[in-house]
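*Asks:* start.cif is reproduced in full below (mmCIF, C-alpha atoms).
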```
data_entry
#
loop_
_atom_site.group_PDB
_atom_site.id
_atom_site.type_symbol
_atom_site.label_atom_id
_atom_site.label_comp_id
_atom_site.auth_asym_id
_atom_site.auth_seq_id
_atom_site.Cartn_x
_atom_site.Cartn_y
_atom_site.Cartn_z
ATOM 1 C CA MET A 6 43.085 -48.613 -33.250
ATOM 2 C CA THR A 7 41.729 -45.108 -33.353
ATOM 3 C CA ASP A 8 43.570 -44.504 -30.127
ATOM 4 C CA LEU A 9 46.962 -45.137 -31.710
ATOM 5 C CA THR A 10 46.119 -43.104 -34.791
ATOM 6 C CA PHE A 11 44.963 -40.225 -32.649
ATOM 7 C CA LEU A 12 48.095 -40.351 -30.504
ATOM 8 C CA ALA A 13 50.367 -40.402 -33.545
ATOM 9 C CA LEU A 14 48.518 -37.537 -35.225
ATOM 10 C CA ALA A 15 48.451 -35.433 -32.057
ATOM 11 C CA THR A 16 52.163 -36.001 -31.437
ATOM 12 C CA VAL A 17 53.079 -35.115 -35.018
ATOM 13 C CA THR A 18 50.888 -32.011 -34.927
ATOM 14 C CA VAL A 19 52.229 -30.651 -31.650
ATOM 15 C CA ALA A 20 55.862 -31.565 -32.302
ATOM 16 C CA SER A 21 55.943 -29.980 -35.732
ATOM 17 C CA ALA A 22 54.125 -26.903 -34.402
ATOM 18 C CA VAL A 23 56.945 -26.469 -31.880
ATOM 19 C CA LEU A 24 59.505 -27.128 -34.615
ATOM 20 C CA ALA A 25 57.854 -24.526 -36.867
ATOM 21 C CA LEU A 26 58.548 -21.853 -34.277
ATOM 22 C CA GLU A 27 61.893 -23.092 -33.035
ATOM 23 C CA ALA A 28 63.682 -24.308 -36.176
ATOM 24 C CA ARG A 29 66.745 -22.173 -36.949
ATOM 25 C CA ASP A 30 66.063 -22.075 -40.656
ATOM 26 C CA LEU A 31 62.788 -20.467 -41.717
ATOM 27 C CA VAL A 32 62.450 -22.895 -44.651
ATOM 28 C CA TYR A 33 62.444 -25.834 -42.244
ATOM 29 C CA GLY A 34 60.012 -23.897 -40.101
ATOM 30 C CA ALA A 35 57.616 -23.495 -43.025
ATOM 31 C CA ALA A 36 57.910 -27.200 -43.875
ATOM 32 C CA ALA A 37 57.205 -28.129 -40.254
ATOM 33 C CA LEU A 38 54.190 -25.825 -40.306
ATOM 34 C CA GLY A 39 52.918 -27.730 -43.353
ATOM 35 C CA ILE A 40 53.335 -31.051 -41.515
ATOM 36 C CA SER A 41 51.434 -29.604 -38.574
ATOM 37 C CA PHE A 42 48.586 -28.581 -40.890
ATOM 38 C CA LEU A 43 48.578 -32.132 -42.287
ATOM 39 C CA GLY A 44 48.240 -33.470 -38.747
ATOM 40 C CA ILE A 45 45.295 -31.158 -38.126
ATOM 41 C CA ALA A 46 43.696 -32.433 -41.335
ATOM 42 C CA GLY A 47 44.176 -35.979 -40.052
ATOM 43 C CA LEU A 48 42.441 -35.038 -36.811
ATOM 44 C CA PHE A 49 39.573 -33.650 -38.904
ATOM 45 C CA PHE A 50 39.333 -37.033 -40.649
ATOM 46 C CA LEU A 51 39.201 -38.734 -37.251
ATOM 47 C CA LEU A 52 36.316 -36.460 -36.333
ATOM 48 C CA ASP A 53 34.472 -37.594 -39.492
ATOM 49 C CA ALA A 54 34.793 -34.145 -41.058
ATOM 50 C CA SER A 55 36.403 -35.514 -44.200
ATOM 51 C CA TYR A 56 35.346 -32.696 -46.518
ATOM 52 C CA THR A 57 36.790 -30.106 -44.158
ATOM 53 C CA GLY A 58 39.958 -32.187 -43.940
ATOM 54 C CA VAL A 59 40.350 -32.228 -47.715
ATOM 55 C CA PHE A 60 39.642 -28.499 -47.806
ATOM 56 C CA GLN A 61 42.265 -27.965 -45.107
ATOM 57 C CA ILE A 62 44.872 -29.883 -47.122
ATOM 58 C CA ALA A 63 43.985 -28.092 -50.360
ATOM 59 C CA VAL A 64 44.009 -24.598 -48.885
ATOM 60 C CA TYR A 65 46.732 -24.860 -46.264
ATOM 61 C CA ILE A 66 49.237 -27.210 -47.886
ATOM 62 C CA GLY A 67 48.381 -26.199 -51.432
ATOM 63 C CA ALA A 68 48.166 -22.463 -50.986
ATOM 64 C CA VAL A 69 49.313 -21.075 -47.657
ATOM 65 C CA VAL A 70 52.452 -23.149 -47.136
ATOM 66 C CA VAL A 71 53.557 -22.684 -50.739
ATOM 67 C CA LEU A 72 52.970 -18.937 -50.406
ATOM 68 C CA ILE A 73 54.953 -18.869 -47.150
ATOM 69 C CA LEU A 74 57.797 -20.831 -48.753
ATOM 70 C CA PHE A 75 57.947 -18.388 -51.656
ATOM 71 C CA THR A 76 57.978 -15.437 -49.266
ATOM 72 C CA VAL A 77 60.700 -17.030 -47.152
ATOM 73 C CA MET A 78 62.833 -17.499 -50.229
ATOM 74 C CA LEU A 79 62.161 -13.983 -51.515
ATOM 75 C CA VAL A 80 62.747 -12.303 -48.168
ATOM 76 C CA GLY A 81 65.891 -14.332 -47.631
ATOM 77 C CA PRO A 82 66.938 -16.570 -44.792
ATOM 78 C CA GLN A 83 67.411 -14.921 -41.449
ATOM 79 C CA LEU A 84 69.331 -17.279 -39.273
ATOM 80 C CA GLY A 85 69.266 -17.207 -35.508
ATOM 81 C CA GLU A 86 67.188 -14.320 -34.272
ATOM 82 C CA PRO A 87 68.374 -12.642 -31.095
ATOM 83 C CA PRO A 88 66.350 -13.592 -28.031
ATOM 84 C CA LEU A 89 63.821 -11.158 -26.691
ATOM 85 C CA GLU A 90 64.320 -9.687 -23.249
ATOM 86 C CA LEU A 91 60.862 -10.760 -22.142
ATOM 87 C CA LYS A 92 61.371 -14.341 -23.276
ATOM 88 C CA ARG A 93 61.275 -15.940 -19.855
ATOM 89 C CA LEU A 94 58.278 -13.930 -18.688
ATOM 90 C CA SER A 95 56.242 -14.607 -21.805
ATOM 91 C CA LEU A 96 57.137 -18.292 -21.724
ATOM 92 C CA LEU A 97 55.878 -18.310 -18.141
ATOM 93 C CA ILE A 98 52.671 -16.570 -19.187
ATOM 94 C CA ALA A 99 52.093 -18.998 -22.059
ATOM 95 C CA LEU A 100 52.661 -21.942 -19.712
ATOM 96 C CA LEU A 101 50.327 -20.407 -17.155
ATOM 97 C CA VAL A 102 47.541 -19.885 -19.677
ATOM 98 C CA SER A 103 47.920 -23.459 -20.940
ATOM 99 C CA LEU A 104 47.917 -24.782 -17.369
ATOM 100 C CA LEU A 105 44.828 -22.762 -16.517
ATOM 101 C CA LEU A 106 42.950 -24.029 -19.567
ATOM 102 C CA GLY A 107 44.299 -27.543 -18.959
ATOM 103 C CA THR A 108 43.112 -27.697 -15.356
ATOM 104 C CA ALA A 109 39.754 -26.284 -16.372
ATOM 105 C CA GLY A 110 39.570 -29.023 -19.000
ATOM 106 C CA SER A 111 40.636 -31.784 -16.634
ATOM 107 C CA LEU A 112 38.023 -30.717 -14.073
ATOM 108 C CA THR A 113 35.322 -31.554 -16.564
ATOM 109 C CA SER A 114 35.074 -35.311 -16.893
ATOM 110 C CA ALA A 115 35.276 -37.056 -20.223
ATOM 111 C CA ALA A 116 31.708 -38.240 -19.673
ATOM 112 C CA ALA A 117 30.539 -34.650 -20.004
ATOM 113 C CA PHE A 118 31.459 -34.749 -23.683
ATOM 114 C CA PRO A 119 30.172 -38.129 -24.807
ATOM 115 C CA GLY A 120 30.475 -37.610 -28.535
ATOM 116 C CA PRO A 121 28.347 -39.997 -30.568
ATOM 117 C CA ASP A 122 30.313 -43.005 -31.664
ATOM 118 C CA ASN A 123 29.278 -43.114 -35.250
ATOM 119 C CA CYS A 124 28.440 -39.865 -36.877
ATOM 120 C CA GLY A 125 25.785 -41.246 -39.173
ATOM 121 C CA ALA A 126 23.613 -38.738 -40.915
ATOM 122 C CA GLY A 127 25.200 -35.817 -39.062
ATOM 123 C CA CYS A 128 28.408 -36.001 -41.067
ATOM 124 C CA ASP A 129 26.770 -36.745 -44.374
ATOM 125 C CA LEU A 130 28.371 -34.828 -47.211
ATOM 126 C CA THR A 131 24.996 -34.299 -48.840
ATOM 127 C CA ARG A 132 23.659 -32.624 -45.733
ATOM 128 C CA LEU A 133 26.738 -30.449 -45.470
ATOM 129 C CA SER A 134 26.410 -29.270 -49.046
ATOM 130 C CA THR A 135 22.680 -28.642 -48.778
ATOM 131 C CA THR A 136 23.232 -26.636 -45.598
ATOM 132 C CA LEU A 137 26.015 -24.723 -47.291
ATOM 133 C CA ILE A 138 23.885 -23.847 -50.302
ATOM 134 C CA ASN A 139 20.497 -23.379 -48.647
ATOM 135 C CA GLN A 140 21.376 -21.590 -45.436
ATOM 136 C CA TYR A 141 24.760 -20.068 -46.082
ATOM 137 C CA SER A 142 24.667 -19.110 -49.735
ATOM 138 C CA VAL A 143 24.815 -15.357 -49.069
ATOM 139 C CA PRO A 144 27.830 -15.599 -46.716
ATOM 140 C CA LEU A 145 29.456 -17.874 -49.297
ATOM 141 C CA GLU A 146 29.080 -15.231 -51.988
ATOM 142 C CA PHE A 147 30.411 -12.565 -49.642
ATOM 143 C CA LEU A 148 33.331 -14.832 -48.834
ATOM 144 C CA SER A 149 34.256 -15.141 -52.490
ATOM 145 C CA LEU A 150 34.053 -11.353 -52.814
ATOM 146 C CA VAL A 151 36.318 -10.958 -49.768
ATOM 147 C CA LEU A 152 38.779 -13.475 -51.233
ATOM 148 C CA ALA A 153 38.866 -11.621 -54.545
ATOM 149 C CA ALA A 154 39.406 -8.338 -52.683
ATOM 150 C CA ALA A 155 42.240 -9.912 -50.679
ATOM 151 C CA VAL A 156 43.964 -11.215 -53.793
ATOM 152 C CA ILE A 157 43.693 -7.818 -55.502
ATOM 153 C CA GLY A 158 44.876 -6.095 -52.335
ATOM 154 C CA ALA A 159 47.864 -8.402 -51.987
ATOM 155 C CA LEU A 160 48.787 -7.888 -55.641
ATOM 156 C CA THR A 161 48.506 -4.110 -55.260
ATOM 157 C CA LEU A 162 50.641 -4.180 -52.116
ATOM 158 C CA ALA A 163 53.355 -6.277 -53.708
ATOM 159 C CA GLU A 164 53.252 -4.158 -56.862
ATOM 160 C CA ALA A 165 53.203 -0.743 -55.130
ATOM 161 C CA ASP A 166 56.937 -0.404 -54.801
ATOM 162 C CA ARG A 167 57.706 -1.078 -58.413
ATOM 163 C CA LYS A 168 55.509 1.712 -59.737
ATOM 164 C CA GLY A 169 56.496 4.437 -57.318
ATOM 165 C CA MET B 229 36.298 -43.248 -30.962
ATOM 166 C CA GLU B 230 38.635 -41.127 -28.954
ATOM 167 C CA PRO B 231 36.859 -39.006 -26.307
ATOM 168 C CA LEU B 232 36.373 -35.454 -27.463
ATOM 169 C CA THR B 233 38.384 -34.103 -24.520
ATOM 170 C CA SER B 234 41.602 -35.338 -26.163
ATOM 171 C CA PHE B 235 40.858 -33.208 -29.207
ATOM 172 C CA PHE B 236 40.255 -30.237 -26.929
ATOM 173 C CA ALA B 237 43.597 -30.970 -25.270
ATOM 174 C CA VAL B 238 45.424 -30.895 -28.617
ATOM 175 C CA SER B 239 43.653 -27.639 -29.400
ATOM 176 C CA VAL B 240 44.702 -26.092 -26.077
ATOM 177 C CA ILE B 241 48.313 -27.164 -26.596
ATOM 178 C CA LEU B 242 48.336 -25.636 -30.092
ATOM 179 C CA LEU B 243 46.857 -22.432 -28.692
ATOM 180 C CA GLY B 244 49.579 -22.349 -26.027
ATOM 181 C CA ILE B 245 52.313 -22.817 -28.636
ATOM 182 C CA GLY B 246 50.751 -20.054 -30.717
ATOM 183 C CA ILE B 247 50.605 -17.634 -27.790
ATOM 184 C CA TYR B 248 54.213 -18.473 -26.938
ATOM 185 C CA GLY B 249 55.285 -17.699 -30.502
ATOM 186 C CA LEU B 250 53.281 -14.484 -30.614
ATOM 187 C CA THR B 251 54.875 -13.181 -27.447
ATOM 188 C CA THR B 252 58.486 -14.256 -27.927
ATOM 189 C CA LYS B 253 59.272 -14.125 -31.626
ATOM 190 C CA ARG B 254 60.553 -11.037 -33.407
ATOM 191 C CA ASN B 255 60.500 -12.227 -37.004
ATOM 192 C CA ALA B 256 57.292 -11.249 -38.808
ATOM 193 C CA LEU B 257 57.094 -14.649 -40.527
ATOM 194 C CA ARG B 258 57.285 -16.511 -37.231
ATOM 195 C CA ILE B 259 54.485 -14.352 -35.879
ATOM 196 C CA LEU B 260 52.426 -15.237 -38.949
ATOM 197 C CA PHE B 261 53.156 -18.923 -38.248
ATOM 198 C CA SER B 262 51.854 -18.446 -34.704
ATOM 199 C CA ILE B 263 48.673 -16.799 -35.949
ATOM 200 C CA GLU B 264 48.086 -19.715 -38.320
ATOM 201 C CA LEU B 265 48.613 -22.178 -35.477
ATOM 202 C CA ILE B 266 46.036 -20.354 -33.367
ATOM 203 C CA TYR B 267 43.609 -20.424 -36.307
ATOM 204 C CA ASN B 268 44.098 -24.182 -36.551
ATOM 205 C CA ALA B 269 43.548 -24.652 -32.835
ATOM 206 C CA ALA B 270 40.263 -22.771 -33.132
ATOM 207 C CA ASN B 271 39.220 -24.844 -36.177
ATOM 208 C CA LEU B 272 39.929 -28.107 -34.375
ATOM 209 C CA ASN B 273 37.929 -26.880 -31.393
ATOM 210 C CA ILE B 274 34.953 -25.925 -33.557
ATOM 211 C CA ILE B 275 34.937 -29.295 -35.348
ATOM 212 C CA ALA B 276 35.214 -31.187 -32.063
ATOM 213 C CA PHE B 277 32.419 -29.175 -30.481
ATOM 214 C CA ALA B 278 30.216 -29.750 -33.517
ATOM 215 C CA ARG B 279 30.486 -33.482 -32.744
ATOM 216 C CA LEU B 280 29.134 -32.850 -29.269
ATOM 217 C CA ARG B 281 25.492 -32.681 -30.232
ATOM 218 C CA ASP B 282 23.590 -35.874 -30.877
ATOM 219 C CA PRO B 283 23.063 -36.031 -33.835
ATOM 220 C CA PRO B 284 26.126 -33.933 -34.747
ATOM 221 C CA ILE B 285 25.455 -30.618 -36.437
ATOM 222 C CA VAL B 286 27.019 -29.662 -39.748
ATOM 223 C CA THR B 287 27.103 -25.945 -38.958
ATOM 224 C CA GLY B 288 30.496 -26.414 -37.313
ATOM 225 C CA GLN B 289 32.002 -27.744 -40.520
ATOM 226 C CA VAL B 290 30.485 -24.879 -42.520
ATOM 227 C CA LEU B 291 31.946 -22.407 -40.043
ATOM 228 C CA VAL B 292 35.381 -24.043 -40.325
ATOM 229 C CA LEU B 293 35.234 -23.863 -44.123
ATOM 230 C CA PHE B 294 34.681 -20.109 -43.825
ATOM 231 C CA THR B 295 37.453 -19.789 -41.232
ATOM 232 C CA ILE B 296 39.969 -21.629 -43.417
ATOM 233 C CA ALA B 297 39.190 -19.356 -46.361
ATOM 234 C CA LEU B 298 39.510 -16.247 -44.207
ATOM 235 C CA ALA B 299 42.800 -17.524 -42.750
ATOM 236 C CA ALA B 300 44.188 -18.064 -46.238
ATOM 237 C CA MET B 301 43.109 -14.536 -47.158
ATOM 238 C CA GLU B 302 44.781 -13.114 -44.059
ATOM 239 C CA ALA B 303 47.960 -15.043 -44.816
ATOM 240 C CA SER B 304 48.112 -13.759 -48.398
ATOM 241 C CA VAL B 305 47.717 -10.114 -47.348
ATOM 242 C CA GLY B 306 50.162 -10.573 -44.448
ATOM 243 C CA LEU B 307 52.773 -12.136 -46.697
ATOM 244 C CA ALA B 308 52.350 -9.311 -49.228
ATOM 245 C CA ILE B 309 52.932 -6.784 -46.432
ATOM 246 C CA ILE B 310 56.008 -8.722 -45.252
ATOM 247 C CA MET B 311 57.427 -8.743 -48.783
ATOM 248 C CA LEU B 312 56.788 -5.020 -49.112
ATOM 249 C CA VAL B 313 58.466 -4.294 -45.774
ATOM 250 C CA SER B 314 61.441 -6.484 -46.591
ATOM 251 C CA ARG B 315 61.858 -4.495 -49.792
ATOM 252 C CA LEU B 316 61.686 -1.171 -47.925
ATOM 253 C CA ASN B 317 64.085 -2.026 -45.125
ATOM 254 C CA VAL B 318 66.056 -5.166 -44.809
ATOM 255 C CA ASP B 319 64.948 -6.309 -41.369
ATOM 256 C CA ILE B 320 61.486 -7.726 -40.771
ATOM 257 C CA ASP B 321 61.899 -7.578 -37.007
ATOM 258 C CA LEU B 322 58.491 -6.477 -35.797
ATOM 259 C CA ARG B 323 59.840 -5.119 -32.507
ATOM 260 C CA LYS B 324 62.058 -2.688 -34.354
ATOM 261 C CA LEU B 325 59.673 -1.924 -37.174
ATOM 262 C CA ASN B 326 58.172 1.432 -36.227
ATOM 263 C CA ARG B 327 58.207 3.248 -39.504
ATOM 264 C CA LEU B 328 54.540 4.170 -39.200
ATOM 265 C CA LYS B 329 55.137 5.845 -35.851
ATOM 266 C CA GLY B 330 54.667 9.608 -36.179
#
```
Translate this file's structure into structure tokens.
*Replies:*
Amino acid sequence: MTDLTFLALATVTVASAVLALEARDLVYGAAALGISFLGIAGLFFLLDASYTGVFQIAVYIGAVVVLILFTVMLVGPQLGEPPLELKRLSLLIALLVSLLLGTAGSLTSAAAFPGPDNCGAGCDLTRLSTTLINQYSVPLEFLSLVLAAAVIGALTLAEADRKG
Amino acid sequence: MEPLTSFFAVSVILLGIGIYGLTTKRNALRILFSIELIYNAANLNIIAFARLRDPPIVTGQVLVLFTIALAAMEASVGLAIIMLVSRLNVDIDLRKLNRLKG
């Protein structure tokens, strides 16, 4: 059963990632990107990282995709970009890198990464939160500071033109 | 439970798509899409590798929480820059955008 779910999620993720880059209309591209993020969140759920999956949905679908959609609509649609001269070469390079990583991955057998069947205590939400608070409380505070700085910076950037 | 290698495979494919977008696209928004895809590939990889240990470690999930927040931050600043650029000159073609060049 998990097999089918995994296959469906992986297909949706990869296909909509391709669509996000190749769709003519940027709005469709942003929507496809959101679907791809949803697929990634589903894969997180399959890996028993449910809290991270919920966080992924909240941050990516709730914030990033909405922000991208607003920017797309403010910047205006730019239909059909002209192809780059290096397109074939870079496609070749991307394929080559994927092939290299793929062969390296296929050389290692699946038995090398057994992966415990049921996560048990390792994926307990309580343990995650205690780790987050006990061990990583200082980075967490710094992260909130960085986020606040980013928001202020983004606001200043977007505002800069109006003042000057 | 699906073997972890399949998750690594999805991650590699996403990374490949992201690299392809980074190298071929000219539109700044598409390049931002590619960066986000690469971020997601890395997140999936971290979560899958965190399952590798027996018992699984939670540090991977904590790391991914931080990564997601940082990615959102990067996206917000990037989108602000794109909006600013689109207000300055109409085209957001990154290959032609060399206004900062001396």
*Asks:* Report as a list in words all protein, DNA and RNA residues lying within 8 Å of Leu242 of chain B, evaluated on all atoms listed in the file, omitting residues in the same chain fewer than 4 positions from it.
*Replies:*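 What passes the distance filter is Val19 and Ala22 of chain A; Val238, Gly246, Leu265, Ile266, Asn268 and Ala269 of chain B.
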*Asks:* On this file, the PyMOL selection byres ((chain B) within 8 of (chain A)) gives some set of residues; write that set as a PyMOL selection string.
*Replies:* chain B and resi 229-233+235+237-238+240-245+247-249+251-255+257-258+261-262+265+268+272+275-276+279-287+289-290+292-294+296-298+300-305+307-309+311-312+314
*Asks:* Just the number, please: distance in Å from atom CA of Ala13 of chain A to atom CA of Gly47 of chain A, one decimal.
*Replies:*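 Rounded to one decimal, the two atoms are 10.0 Å apart.
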*Asks:* For a test of reading the model, state the distance in Å between atom CA of Glu264 of chain B and atom CA of Tyr33 of chain A, rounded to one decimal.
*Replies:* 16.1 Å
*Asks:* What separation in Å, quoted to one decimal, exists between atom CA of Ala256 of chain B and atom CA of Ser21 of chain A?
*Replies:*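 Taking atom CA of Ala256 of chain B as the start and atom CA of Ser21 of chain A as the end point, the length is 19.0 Å.
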*Asks:* Emit segment 240-298 of chain B of the structure in the block as a file comprising C-alpha atoms, as a PDB file, in the first residue's frame.
*Replies:*
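Wrote result02.pdb, looks like this:
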```pdb
ATOM      1  CA  VAL B 240      18.316  13.357  -6.882  1.00  0.00           C
ATOM      2  CA  ILE B 241      15.713  13.875  -9.604  1.00  0.00           C
ATOM      3  CA  LEU B 242      14.509  17.089  -7.936  1.00  0.00           C
ATOM      4  CA  LEU B 243      18.103  18.279  -7.656  1.00  0.00           C
ATOM      5  CA  GLY B 244      18.622  17.558 -11.361  1.00  0.00           C
ATOM      6  CA  ILE B 245      15.491  19.508 -12.301  1.00  0.00           C
ATOM      7  CA  GLY B 246      16.664  22.379 -10.114  1.00  0.00           C
ATOM      8  CA  ILE B 247      20.118  22.461 -11.697  1.00  0.00           C
ATOM      9  CA  TYR B 248      18.522  22.353 -15.145  1.00  0.00           C
ATOM     10  CA  GLY B 249      16.328  25.332 -14.275  1.00  0.00           C
ATOM     11  CA  LEU B 250      19.215  27.267 -12.766  1.00  0.00           C
ATOM     12  CA  THR B 251      21.333  26.856 -15.867  1.00  0.00           C
ATOM     13  CA  THR B 252      18.751  27.350 -18.609  1.00  0.00           C
ATOM     14  CA  LYS B 253      16.183  29.839 -17.374  1.00  0.00           C
ATOM     15  CA  ARG B 254      16.503  33.591 -17.789  1.00  0.00           C
ATOM     16  CA  ASN B 255      13.514  34.778 -15.787  1.00  0.00           C
ATOM     17  CA  ALA B 256      14.430  35.662 -12.198  1.00  0.00           C
ATOM     18  CA  LEU B 257      11.248  34.032 -10.868  1.00  0.00           C
ATOM     19  CA  ARG B 258      12.017  30.743 -12.589  1.00  0.00           C
ATOM     20  CA  ILE B 259      15.486  30.792 -11.077  1.00  0.00           C
ATOM     21  CA  LEU B 260      13.904  31.331  -7.663  1.00  0.00           C
ATOM     22  CA  PHE B 261      11.639  28.331  -8.354  1.00  0.00           C
ATOM     23  CA  SER B 262      14.731  26.247  -9.118  1.00  0.00           C
ATOM     24  CA  ILE B 263      16.416  27.321  -5.894  1.00  0.00           C
ATOM     25  CA  GLU B 264      13.310  26.328  -3.935  1.00  0.00           C
ATOM     26  CA  LEU B 265      13.262  22.945  -5.660  1.00  0.00           C
ATOM     27  CA  ILE B 266      16.889  22.359  -4.701  1.00  0.00           C
ATOM     28  CA  TYR B 267      16.076  23.337  -1.107  1.00  0.00           C
ATOM     29  CA  ASN B 268      13.281  20.766  -1.098  1.00  0.00           C
ATOM     30  CA  ALA B 269      15.538  18.077  -2.516  1.00  0.00           C
ATOM     31  CA  ALA B 270      18.011  18.743   0.287  1.00  0.00           C
ATOM     32  CA  ASN B 271      15.231  18.654   2.917  1.00  0.00           C
ATOM     33  CA  LEU B 272      13.935  15.325   1.640  1.00  0.00           C
ATOM     34  CA  ASN B 273      17.468  13.941   1.702  1.00  0.00           C
ATOM     35  CA  ILE B 274      18.042  15.085   5.281  1.00  0.00           C
ATOM     36  CA  ILE B 275      14.755  13.571   6.490  1.00  0.00           C
ATOM     37  CA  ALA B 276      15.460  10.291   4.704  1.00  0.00           C
ATOM     38  CA  PHE B 277      18.976  10.096   6.106  1.00  0.00           C
ATOM     39  CA  ALA B 278      17.678  10.809   9.600  1.00  0.00           C
ATOM     40  CA  ARG B 279      15.630   7.600   9.267  1.00  0.00           C
ATOM     41  CA  LEU B 280      18.802   5.661   8.570  1.00  0.00           C
ATOM     42  CA  ARG B 281      19.910   5.316  12.157  1.00  0.00           C
ATOM     43  CA  ASP B 282      18.281   2.728  14.365  1.00  0.00           C
ATOM     44  CA  PRO B 283      16.565   4.190  16.358  1.00  0.00           C
ATOM     45  CA  PRO B 284      16.005   7.189  14.054  1.00  0.00           C
ATOM     46  CA  ILE B 285      17.388  10.503  15.237  1.00  0.00           C
ATOM     47  CA  VAL B 286      15.252  13.612  15.542  1.00  0.00           C
ATOM     48  CA  THR B 287      18.110  15.996  14.766  1.00  0.00           C
ATOM     49  CA  GLY B 288      17.342  15.643  11.061  1.00  0.00           C
ATOM     50  CA  GLN B 289      13.819  16.940  11.545  1.00  0.00           C
ATOM     51  CA  VAL B 290      15.089  19.853  13.644  1.00  0.00           C
ATOM     52  CA  LEU B 291      17.590  20.696  10.920  1.00  0.00           C
ATOM     53  CA  VAL B 292      14.847  20.598   8.271  1.00  0.00           C
ATOM     54  CA  LEU B 293      12.659  22.916  10.348  1.00  0.00           C
ATOM     55  CA  PHE B 294      15.513  25.434  10.366  1.00  0.00           C
ATOM     56  CA  THR B 295      16.119  24.948   6.636  1.00  0.00           C
ATOM     57  CA  ILE B 296      12.461  25.547   5.771  1.00  0.00           C
ATOM     58  CA  ALA B 297      12.435  28.773   7.778  1.00  0.00           C
ATOM     59  CA  LEU B 298      15.648  29.964   6.142  1.00  0.00           C
TER      60      LEU B 298
END
```
